[in-house]
file start_21.cif (mmCIF, C-alpha atoms)
data_start
#
loop_
_atom_site.label_atom_id
_atom_site.label_comp_id
_atom_site.auth_asym_id
_atom_site.auth_seq_id
_atom_site.Cartn_x
_atom_site.Cartn_y
_atom_site.Cartn_z
CA MET U 288 12.15 -13.40 13.94
CA GLY U 289 10.56 -13.89 17.30
CA GLU U 290 11.72 -17.49 17.52
CA GLU U 291 15.30 -16.75 16.58
CA THR U 292 17.95 -16.93 19.24
CA GLY U 293 21.12 -16.56 17.16
CA GLY U 294 20.89 -12.83 16.66
CA ARG U 295 21.75 -9.56 18.31
CA LEU U 296 20.28 -6.12 18.78
CA VAL U 297 22.08 -3.31 17.00
CA THR U 298 21.52 0.43 17.23
CA VAL U 299 20.78 1.99 13.89
CA LYS U 300 21.18 5.69 13.25
CA THR U 301 20.88 6.73 9.64
CA LYS U 302 21.04 10.04 7.81
CA PHE U 303 17.24 10.03 7.84
CA HIS U 304 17.14 9.99 11.62
CA ARG U 305 19.62 12.86 11.82
CA GLU U 306 18.01 15.08 9.22
CA ALA U 307 14.32 14.44 9.73
CA VAL U 308 14.23 15.85 13.25
CA ARG U 309 16.05 19.07 12.41
CA PRO U 310 14.04 22.26 12.81
CA GLY U 311 12.38 23.81 9.78
CA GLY U 312 10.34 20.86 8.67
CA VAL U 313 6.71 20.51 7.66
CA SER U 314 4.10 20.14 10.40
CA ARG U 315 1.25 17.66 10.34
CA SER U 316 -1.26 20.37 9.52
CA GLY U 317 0.99 21.67 6.77
CA ALA U 318 1.34 18.14 5.41
CA ASN U 319 -2.45 17.78 5.51
CA MET U 320 -2.96 20.92 3.46
CA SER U 321 -0.33 20.07 0.90
CA SER U 322 -1.56 16.52 0.52
CA ALA U 323 -5.10 17.80 -0.04
CA ARG U 324 -3.76 19.94 -2.86
CA ALA U 325 -1.76 17.04 -4.28
CA VAL U 326 -4.76 14.70 -4.26
CA ALA U 327 -7.05 17.37 -5.72
CA ALA U 328 -4.60 17.86 -8.56
CA LEU U 329 -4.90 14.17 -9.38
CA LYS U 330 -8.69 14.12 -9.21
CA ALA U 331 -9.41 14.53 -12.91
CA ASP U 332 -6.92 11.82 -13.81
CA VAL U 333 -8.32 9.50 -11.17
CA GLU U 334 -11.93 9.88 -12.25
CA GLN U 335 -10.97 9.26 -15.86
CA GLN U 336 -8.95 6.19 -14.96
CA ILE U 337 -11.70 4.65 -12.82
CA GLY U 338 -13.82 4.24 -15.93
CA SER U 339 -10.94 2.70 -17.85
CA ALA U 340 -10.58 0.06 -15.14
CA VAL U 341 -14.12 -0.68 -14.04
CA ILE U 342 -15.75 -0.86 -17.49
CA PRO U 343 -13.58 -3.72 -18.84
CA LEU U 344 -13.75 -5.41 -15.45
CA VAL U 345 -17.55 -5.41 -15.53
CA GLU U 346 -17.55 -6.65 -19.13
CA LEU U 347 -15.22 -9.50 -18.20
CA LEU U 348 -17.37 -10.51 -15.24
CA GLN U 349 -20.59 -10.31 -17.25
CA ASN U 350 -19.11 -12.52 -19.96
CA TRP U 351 -16.88 -14.57 -17.70
CA ASP U 352 -13.74 -15.86 -19.39
CA ALA U 353 -11.32 -17.56 -17.00
CA THR U 354 -8.42 -17.16 -19.45
CA LYS U 355 -8.48 -13.39 -18.80
CA VAL U 356 -8.39 -13.64 -15.03
CA ASP U 357 -4.95 -12.03 -14.68
CA GLN U 358 -6.16 -8.98 -16.54
CA GLY U 359 -9.26 -9.00 -14.37
CA CYS U 360 -7.07 -8.94 -11.26
CA ASP U 361 -5.22 -5.90 -12.57
CA TRP U 362 -8.45 -4.06 -13.35
CA ALA U 363 -9.93 -4.91 -9.96
CA ALA U 364 -6.79 -3.74 -8.13
CA LEU U 365 -6.73 -0.53 -10.16
CA THR U 366 -10.43 0.08 -9.48
CA ARG U 367 -9.87 -0.47 -5.77
CA ASP U 368 -6.92 1.93 -5.62
CA LEU U 369 -8.49 4.63 -7.75
CA ALA U 370 -11.84 4.45 -5.99
CA GLY U 371 -10.01 4.72 -2.67
CA LEU U 372 -8.26 7.86 -3.81
CA ALA U 373 -11.51 9.32 -5.12
CA GLY U 374 -13.31 8.66 -1.85
CA LEU U 375 -15.76 6.22 -3.48
CA HIS U 376 -15.93 4.00 -0.43
CA LEU U 377 -18.53 1.49 -1.59
CA LEU U 378 -16.78 0.99 -4.92
CA THR U 379 -13.50 0.52 -3.06
CA GLU U 380 -15.00 -2.25 -0.92
CA VAL U 381 -16.73 -3.99 -3.83
CA ALA U 382 -13.53 -3.83 -5.88
CA MET U 383 -11.65 -5.34 -2.94
CA HIS U 384 -14.01 -8.32 -2.91
CA SER U 385 -13.80 -8.62 -6.68
CA PHE U 386 -10.03 -8.63 -6.49
CA ASP U 387 -9.95 -11.21 -3.70
CA CYS U 388 -12.19 -13.53 -5.70
CA LEU U 389 -10.28 -13.13 -8.97
CA ASP U 390 -7.02 -13.50 -7.10
CA ALA U 391 -8.19 -16.87 -5.76
CA VAL U 392 -9.09 -17.92 -9.31
CA ALA U 393 -5.72 -16.75 -10.65
CA VAL U 394 -3.49 -18.12 -7.92
CA ASP U 395 -5.31 -21.23 -6.70
CA GLY U 396 -7.01 -22.08 -9.98
CA VAL U 397 -10.41 -22.40 -8.34
CA PRO U 398 -13.41 -22.31 -10.67
CA LEU U 399 -15.68 -19.26 -10.78
CA LYS U 400 -19.14 -19.87 -12.21
CA PRO U 401 -20.53 -17.32 -14.71
CA ALA U 402 -23.52 -16.64 -12.44
CA GLU U 403 -21.14 -15.87 -9.58
CA ALA U 404 -19.04 -13.56 -11.74
CA VAL U 405 -22.19 -11.64 -12.67
CA CYS U 406 -22.85 -10.96 -8.97
CA TYR U 407 -19.58 -9.01 -8.76
CA ALA U 408 -20.38 -7.20 -12.02
CA ASP U 409 -23.79 -6.13 -10.72
CA ALA U 410 -22.28 -4.98 -7.44
CA LEU U 411 -19.63 -2.94 -9.27
CA ILE U 412 -22.27 -1.28 -11.45
CA PHE U 413 -24.32 -0.45 -8.37
CA ALA U 414 -21.33 0.83 -6.42
CA GLN U 415 -20.18 2.99 -9.30
CA GLN U 416 -23.33 5.09 -8.92
CA ASP U 417 -21.76 6.54 -5.76
CA LEU U 418 -24.91 6.48 -3.65
CA CYS U 419 -22.80 6.11 -0.54
CA ARG U 420 -22.95 9.11 1.79
CA GLY U 421 -19.44 9.87 2.96
CA SER U 422 -17.77 6.83 4.40
CA ASP U 423 -20.96 5.39 5.93
CA LEU U 424 -21.23 1.88 4.53
CA GLU U 425 -23.88 0.72 6.99
CA PRO U 426 -26.75 0.76 4.45
CA TYR U 427 -24.71 -1.58 2.26
CA ARG U 428 -23.64 -4.00 4.96
CA ASP U 429 -25.81 -6.82 3.56
CA LEU U 430 -24.38 -6.38 0.08
CA LEU U 431 -20.81 -6.43 1.36
CA LYS U 432 -21.56 -9.40 3.61
CA ASP U 433 -23.00 -11.34 0.67
CA LEU U 434 -19.94 -10.54 -1.42
CA GLU U 435 -17.68 -11.68 1.39
CA THR U 436 -19.63 -14.93 1.69
CA LEU U 437 -19.39 -15.50 -2.06
CA THR U 438 -15.67 -14.72 -2.09
CA ASN U 439 -15.05 -17.12 0.77
CA ARG U 440 -17.09 -19.80 -0.99
CA VAL U 441 -15.08 -19.42 -4.20
CA ALA U 442 -11.74 -19.28 -2.37
CA GLY U 443 -12.78 -22.27 -0.25
CA ARG U 444 -12.88 -24.47 -3.33
CA ALA U 445 -9.09 -24.54 -3.19
CA ALA U 446 -9.21 -26.62 -0.05
CA ALA U 447 -11.97 -28.91 -1.30
CA MET T 170 0.32 5.10 22.01
CA ALA T 171 -0.93 7.41 19.29
CA LEU T 172 0.91 7.66 16.04
CA LYS T 173 0.54 11.43 15.99
CA PHE T 174 3.00 14.15 16.85
CA ALA T 175 0.76 17.17 16.67
CA GLU T 176 3.45 19.63 17.67
CA ASP T 177 6.26 18.05 15.77
CA SER T 178 7.39 18.59 12.26
CA VAL T 179 9.50 16.44 10.03
CA ASN T 180 12.30 17.86 7.91
CA LEU T 181 12.68 15.91 4.67
CA SER T 182 14.58 18.55 2.71
CA GLU T 183 17.84 16.59 2.73
CA ILE T 184 16.29 13.14 2.44
CA GLY T 185 16.44 11.16 -0.78
CA PHE T 186 13.36 8.98 -1.33
CA LEU T 187 12.93 6.03 -3.66
CA ILE T 188 9.41 5.04 -4.64
CA ALA T 189 9.40 1.53 -6.09
CA ASP T 190 5.89 0.81 -7.34
CA PRO T 191 4.54 -0.62 -10.60
CA SER T 192 1.53 1.72 -10.45
CA ASP T 193 2.02 4.98 -12.37
CA LEU T 194 -0.71 6.50 -10.28
CA TYR T 195 0.88 5.62 -6.95
CA ARG T 196 4.32 6.76 -8.01
CA GLU T 197 2.84 10.10 -9.01
CA LEU T 198 0.75 10.35 -5.85
CA PHE T 199 3.66 9.53 -3.54
CA ARG T 200 5.95 11.90 -5.40
CA ARG T 201 3.46 14.77 -5.03
CA LEU T 202 2.84 13.94 -1.38
CA LEU T 203 6.53 13.75 -0.52
CA TYR T 204 7.23 17.06 -2.23
CA GLY T 205 4.35 18.47 -0.20
CA PHE T 206 5.93 17.06 2.95
CA GLY T 207 9.11 18.99 2.12
CA ALA T 208 11.19 16.42 0.26
CA LYS T 209 13.30 17.69 -2.61
CA THR T 210 14.68 14.44 -4.00
CA VAL T 211 12.34 11.64 -5.05
CA HIS T 212 13.52 8.82 -7.29
CA GLU T 213 11.12 6.39 -8.92
CA ALA T 214 11.25 2.82 -10.17
CA SER T 215 8.51 0.65 -11.64
CA GLU T 216 10.38 -2.64 -11.26
CA ALA T 217 13.00 -4.23 -9.03
CA GLN T 218 16.01 -3.97 -11.35
CA THR T 219 15.69 -0.19 -11.68
CA ALA T 220 15.05 0.09 -7.95
CA ALA T 221 18.22 -1.88 -7.21
CA ARG T 222 20.24 0.34 -9.55
CA LEU T 223 18.91 3.53 -7.99
CA LEU T 224 19.61 2.25 -4.49
CA ALA T 225 23.21 1.55 -5.51
CA ASP T 226 23.87 4.67 -7.57
CA ARG T 227 21.90 7.44 -5.88
CA ASP T 228 21.66 8.83 -2.40
CA VAL T 229 18.58 7.06 -1.16
CA ASP T 230 17.69 7.50 2.51
CA PHE T 231 14.14 6.15 2.55
CA LEU T 232 12.45 3.42 0.50
CA ILE T 233 8.73 3.06 -0.18
CA CYS T 234 8.25 -0.27 -1.93
CA ALA T 235 5.13 -1.96 -3.26
CA ALA T 236 4.69 -5.58 -2.22
CA ASP T 237 3.97 -6.52 -5.84
CA LEU T 238 7.00 -4.74 -7.32
CA PRO T 239 7.76 -6.88 -10.38
CA LYS T 240 11.08 -8.43 -11.20
CA PRO T 241 12.04 -7.81 -14.82
CA GLY T 242 11.13 -10.71 -17.07
CA ALA T 243 9.45 -12.63 -14.28
CA ALA T 244 5.80 -13.41 -13.85
CA LYS T 245 4.02 -10.94 -11.61
CA SER T 246 4.19 -12.01 -8.02
CA MET T 247 2.30 -10.57 -5.08
CA SER T 248 5.40 -10.75 -2.89
CA SER T 249 8.35 -9.86 -5.12
CA GLY T 250 8.61 -6.42 -3.51
CA ILE T 251 8.85 -8.12 -0.14
CA ASP T 252 11.64 -10.34 -1.49
CA PHE T 253 13.37 -7.20 -2.76
CA VAL T 254 13.25 -5.51 0.64
CA ARG T 255 14.45 -8.67 2.37
CA ALA T 256 17.36 -9.02 -0.08
CA VAL T 257 18.53 -5.46 0.59
CA ARG T 258 18.19 -5.90 4.35
CA LEU T 259 20.13 -9.17 4.35
CA ASP T 260 22.95 -7.94 2.10
CA THR T 261 25.54 -7.07 4.72
CA LYS T 262 27.51 -4.94 2.24
CA HIS T 263 24.57 -2.95 0.92
CA LYS T 264 24.88 0.74 1.76
CA CYS T 265 21.12 1.06 2.12
CA ARG T 266 20.40 -1.97 4.24
CA SER T 267 19.57 0.09 7.32
CA ILE T 268 17.50 2.86 5.78
CA PRO T 269 13.82 3.12 6.73
CA MET T 270 11.59 1.03 4.45
CA ILE T 271 7.82 1.06 4.11
CA VAL T 272 6.02 -1.70 2.22
CA THR T 273 2.68 -0.89 0.60
CA MET T 274 0.31 -3.70 -0.26
CA GLY T 275 -2.94 -3.94 -2.14
CA THR T 276 -4.33 -7.02 -0.48
CA ALA T 277 -3.81 -8.56 2.90
CA ARG T 278 -5.30 -11.83 1.74
CA ARG T 279 -2.44 -13.37 -0.23
CA ILE T 280 0.31 -11.96 1.90
CA SER T 281 -0.09 -11.75 5.62
CA VAL T 282 1.05 -8.65 7.44
CA GLY T 283 3.42 -10.89 9.37
CA GLN T 284 5.00 -12.07 6.12
CA ALA T 285 5.40 -8.51 4.95
CA ARG T 286 6.98 -7.42 8.21
CA ASP T 287 9.27 -10.44 8.28
CA CYS T 288 11.17 -8.90 5.37
CA GLY T 289 12.44 -6.19 7.70
CA ALA T 290 10.19 -3.31 6.71
CA ASN T 291 9.56 -0.60 9.29
CA PHE T 292 5.88 -0.39 8.41
CA VAL T 293 3.34 -2.03 6.17
CA LEU T 294 0.65 0.22 4.69
CA SER T 295 -2.44 -0.92 2.84
CA LYS T 296 -3.54 0.65 -0.41
CA PRO T 297 -5.28 2.97 -0.86
CA VAL T 298 -2.83 4.85 1.33
CA ALA T 299 -4.21 7.88 3.15
CA PRO T 300 -1.72 10.77 2.82
CA VAL T 301 -1.81 11.71 6.48
CA VAL T 302 -1.07 8.10 7.43
CA LEU T 303 2.05 8.19 5.26
CA TYR T 304 3.15 11.41 6.97
CA ASP T 305 2.50 9.95 10.42
CA ARG T 306 4.51 6.81 9.67
CA ILE T 307 7.47 8.83 8.36
CA ASN T 308 7.31 11.04 11.43
CA TRP T 309 7.05 8.00 13.69
CA ILE T 310 10.16 6.43 12.21
CA ALA T 311 12.02 9.73 12.66
CA ARG T 312 10.94 10.29 16.25
CA ARG T 313 10.93 6.73 17.54
CA PRO T 314 13.91 4.92 16.05
CA ARG T 315 13.94 1.27 17.03
CA PRO T 316 16.97 -0.93 17.45
CA PHE T 317 17.43 -3.51 14.73
CA TRP T 318 17.53 -7.24 15.21
CA GLU T 319 20.32 -8.83 13.21
CA SER T 320 20.50 -12.53 12.47
CA GLU T 321 21.28 -14.74 9.50
CA THR T 322 17.69 -14.68 8.32
CA TYR T 323 16.39 -11.32 9.51
CA TYR T 324 17.64 -7.77 9.62
CA GLY T 325 15.22 -5.04 10.53
CA PRO T 326 13.38 -3.29 13.36
CA ASP T 327 13.09 -5.27 16.55
CA ARG T 328 9.45 -6.25 16.61
CA ARG T 329 9.26 -7.09 20.26
CA PHE T 330 8.26 -3.43 20.34
CA ARG T 331 4.47 -2.97 20.16
CA GLU T 332 2.54 -0.20 18.53
CA GLU T 333 -0.80 -0.44 20.25
CA ASP T 334 -2.70 1.85 17.95
CA HIS T 335 -2.23 -0.19 14.84
CA ALA T 336 0.13 -3.11 15.50
CA GLY T 337 1.39 -2.71 11.93
CA VAL T 338 -1.90 -3.96 10.56
CA PRO T 339 -2.99 -2.24 7.40
CA LYS T 340 -6.54 -1.09 7.89
CA ARG T 341 -9.30 -1.75 5.44
CA ARG T 342 -10.63 1.39 3.85
CA GLN T 343 -13.96 1.32 5.69
CA THR T 344 -12.21 1.50 9.03
CA ASP T 345 -9.69 4.12 8.01
CA GLU T 346 -10.95 7.27 9.62
CA GLN T 347 -7.98 9.28 8.47
CA ALA T 348 -8.46 8.67 4.81
CA ILE T 349 -8.50 11.77 2.68
CA ASN T 350 -10.79 11.75 -0.30
CA LEU T 351 -10.85 13.88 -3.38
CA GLU T 352 -14.20 15.42 -2.53
CA ASP T 353 -12.77 16.80 0.69
CA ALA T 354 -9.66 17.96 -1.09
CA ASP T 355 -11.74 20.10 -3.40
CA GLY T 356 -13.30 22.02 -0.57
#

call {"tool": "encode", "arguments": {"input": "start_21.cif", "output": "structure tokens"}}
result
Amino acid sequence: MGEETGGRLVTVKTKFHREAVRPGGVSRSGANMSSARAVAALKADVEQQIGSAVIPLVELLQNWDATKVDQGCDWAALTRDLAGLAGLHLLTEVAMHSFDCLDAVAVDGVPLKPAEAVCYADALIFAQQDLCRGSDLEPYRDLLKDLETLTNRVAGRAAA
Amino acid sequence: MALKFAEDSVNLSEIGFLIADPSDLYRELFRRLLYGFGAKTVHEASEAQTAARLLADRDVDFLICAADLPKPGAAKSMSSGIDFVRAVRLDTKHKCRSIPMIVTMGTARRISVGQARDCGANFVLSKPVAPVVLYDRINWIARRPRPFWESETYYGPDRRFREEDHAGVPKRRQTDEQAINLEDADG
């Protein structure tokens, strides 16, 4: 858009802008409290679903089968989202790397070696133990760095 | 400029939301959050065709759309939700072309934030979405309406405006200090 010259600025005022600023709404602190309740209500579902995503993902990576990579992407994305909601920070990060790697395999068709796939599986198993204290990922920086290096190496095969 | 309005509230009681997301979990989460934020009308769609029908038939004032919203019968694409948002924005006769739109995305690797914002979305949020971040973005859109740039290839907020706190970049989880987790929610 920045390069375009054949356009014009228009003022937009929608129903949302009229209604949302009217008095009687929900404050930020009120929204915080209600969202905490909403997330807590989902907790049991989330914890149950994490297992249903991460277990088949680990199995796929341990017995790497490139024909199932699309399913692997779905499981990795689901693990990442669910772990994020559950506050499992390390699992969220590991699942992000797993997804990025599988995504490169699915979209670019780059090869992933079985030994490399097992690295992600091992990391997922480790992360699932939830040894992470709060959101402090510092103790696991080396692990995450190694996963990033591996992901970049796999994704880099597309350019080779 | 902080994206917080500590003293402000946002009134969503008359606002119709549409959540277009293939994830059952995210549709449920957003629905619960929006009800908690005071919304009374939340529509849901898991694919683009249903989303398009709801936009046309119902009173939708705010769209939250996943970047990977699937088109029916088409192979899953990481950017079909972005195409959907762009199509609504560029349809000059669409009644919802000017409503606020937030795009949520699971990965910033395949789709750049710039790509996502080029579709005309007001904000791009990364998954997992922290509830308070969603509230802040909605409040921001309400309190700081931006003029739209209209051209043949783009219709959406004028992005010569800068948001210094986040520049529209979805944060990775490990840097997201505002994330709410379920452990906290229990306490």

call {"tool": "atom_distance", "arguments": {"input": "start_21.cif", "atom1": "CA of Val394 (chain U)", "atom2": "CA of Arg444 (chain U)"}}
result
12.2 Å

call {"tool": "resolve_selection", "arguments": {"input": "start_21.cif", "expression": "the PyMOL selection byres ((chain U) within 8 of (chain T))", "output": "VMD selection string"}}
result
chain U and resid 288 to 289 291 293 to 304 306 to 315 317 to 319 321 to 327 329 to 330 364 367 to 369 371 to 374 376 379 to 380 383 387 422 424

call {"tool": "residues_around", "arguments": {"input": "start_21.cif", "residues": "region 217-225 of chain T", "least_positions_apart": "5", "cutoff": "8 Å", "atoms": "all atoms listed in the file", "output": "list in words"}}
result
Leu187, Ala189, His212, Leu238, Pro239, Lys240, Pro241, Gly250, Phe253, His263, Lys264 and Cys265 of chain T

call {"tool": "write_last_selection", "arguments": {"input": "start_21.cif", "atoms": "C-alpha atoms", "output": "tab-separated table (two decimals), keeping the file's coordinate frame"}}
result
chain	number	residue	atom	x	y	z
T	187	LEU	CA	12.93	6.03	-3.66
T	189	ALA	CA	9.40	1.53	-6.09
T	212	HIS	CA	13.52	8.82	-7.29
T	238	LEU	CA	7.00	-4.74	-7.32
T	239	PRO	CA	7.76	-6.88	-10.38
T	240	LYS	CA	11.08	-8.43	-11.20
T	241	PRO	CA	12.04	-7.81	-14.82
T	250	GLY	CA	8.61	-6.42	-3.51
T	253	PHE	CA	13.37	-7.20	-2.76
T	263	HIS	CA	24.57	-2.95	0.92
T	264	LYS	CA	24.88	0.74	1.76
T	265	CYS	CA	21.12	1.06	2.12

call {"tool": "resolve_selection", "arguments": {"input": "start_21.cif", "expression": "the PyMOL selection byres ((chain U and resi 384) around 12)", "output": "VMD selection string"}}
result
(chain U and resid 360 363 to 364 366 to 367 377 to 383 385 to 391 404 406 to 408 410 to 411 430 to 439 441 to 442) or (chain T and resid 275 to 278 341)

call {"tool": "closest_residue", "arguments": {"input": "start_21.cif", "among": "U:Ala328, U:Leu347, U:Val356, U:Ser316", "to": "Asp395 (chain U)", "atoms": "all atoms listed in the file"}}
result
U:Val356

call {"tool": "residues_around", "arguments": {"input": "start_21.cif", "residues": "Val272 (chain T)", "least_positions_apart": "5", "cutoff": "9 Å", "atoms": "all atoms listed in the file", "output": "PDB file with C-alpha atoms, in the coordinates of the input"}}
result
ATOM      1  CA  LEU T 232      12.450   3.420   0.500  1.00  0.00           C
ATOM      2  CA  ILE T 233       8.730   3.060  -0.180  1.00  0.00           C
ATOM      3  CA  CYS T 234       8.250  -0.270  -1.930  1.00  0.00           C
ATOM      4  CA  ALA T 235       5.130  -1.960  -3.260  1.00  0.00           C
ATOM      5  CA  ALA T 236       4.690  -5.580  -2.220  1.00  0.00           C
ATOM      6  CA  GLY T 250       8.610  -6.420  -3.510  1.00  0.00           C
ATOM      7  CA  ILE T 251       8.850  -8.120  -0.140  1.00  0.00           C
ATOM      8  CA  VAL T 254      13.250  -5.510   0.640  1.00  0.00           C
ATOM      9  CA  ALA T 285       5.400  -8.510   4.950  1.00  0.00           C
ATOM     10  CA  ARG T 286       6.980  -7.420   8.210  1.00  0.00           C
ATOM     11  CA  ALA T 290      10.190  -3.310   6.710  1.00  0.00           C
ATOM     12  CA  ASN T 291       9.560  -0.600   9.290  1.00  0.00           C
ATOM     13  CA  PHE T 292       5.880  -0.390   8.410  1.00  0.00           C
ATOM     14  CA  VAL T 293       3.340  -2.030   6.170  1.00  0.00           C
ATOM     15  CA  LEU T 294       0.650   0.220   4.690  1.00  0.00           C
ATOM     16  CA  SER T 295      -2.440  -0.920   2.840  1.00  0.00           C
TER      17      SER T 295
END
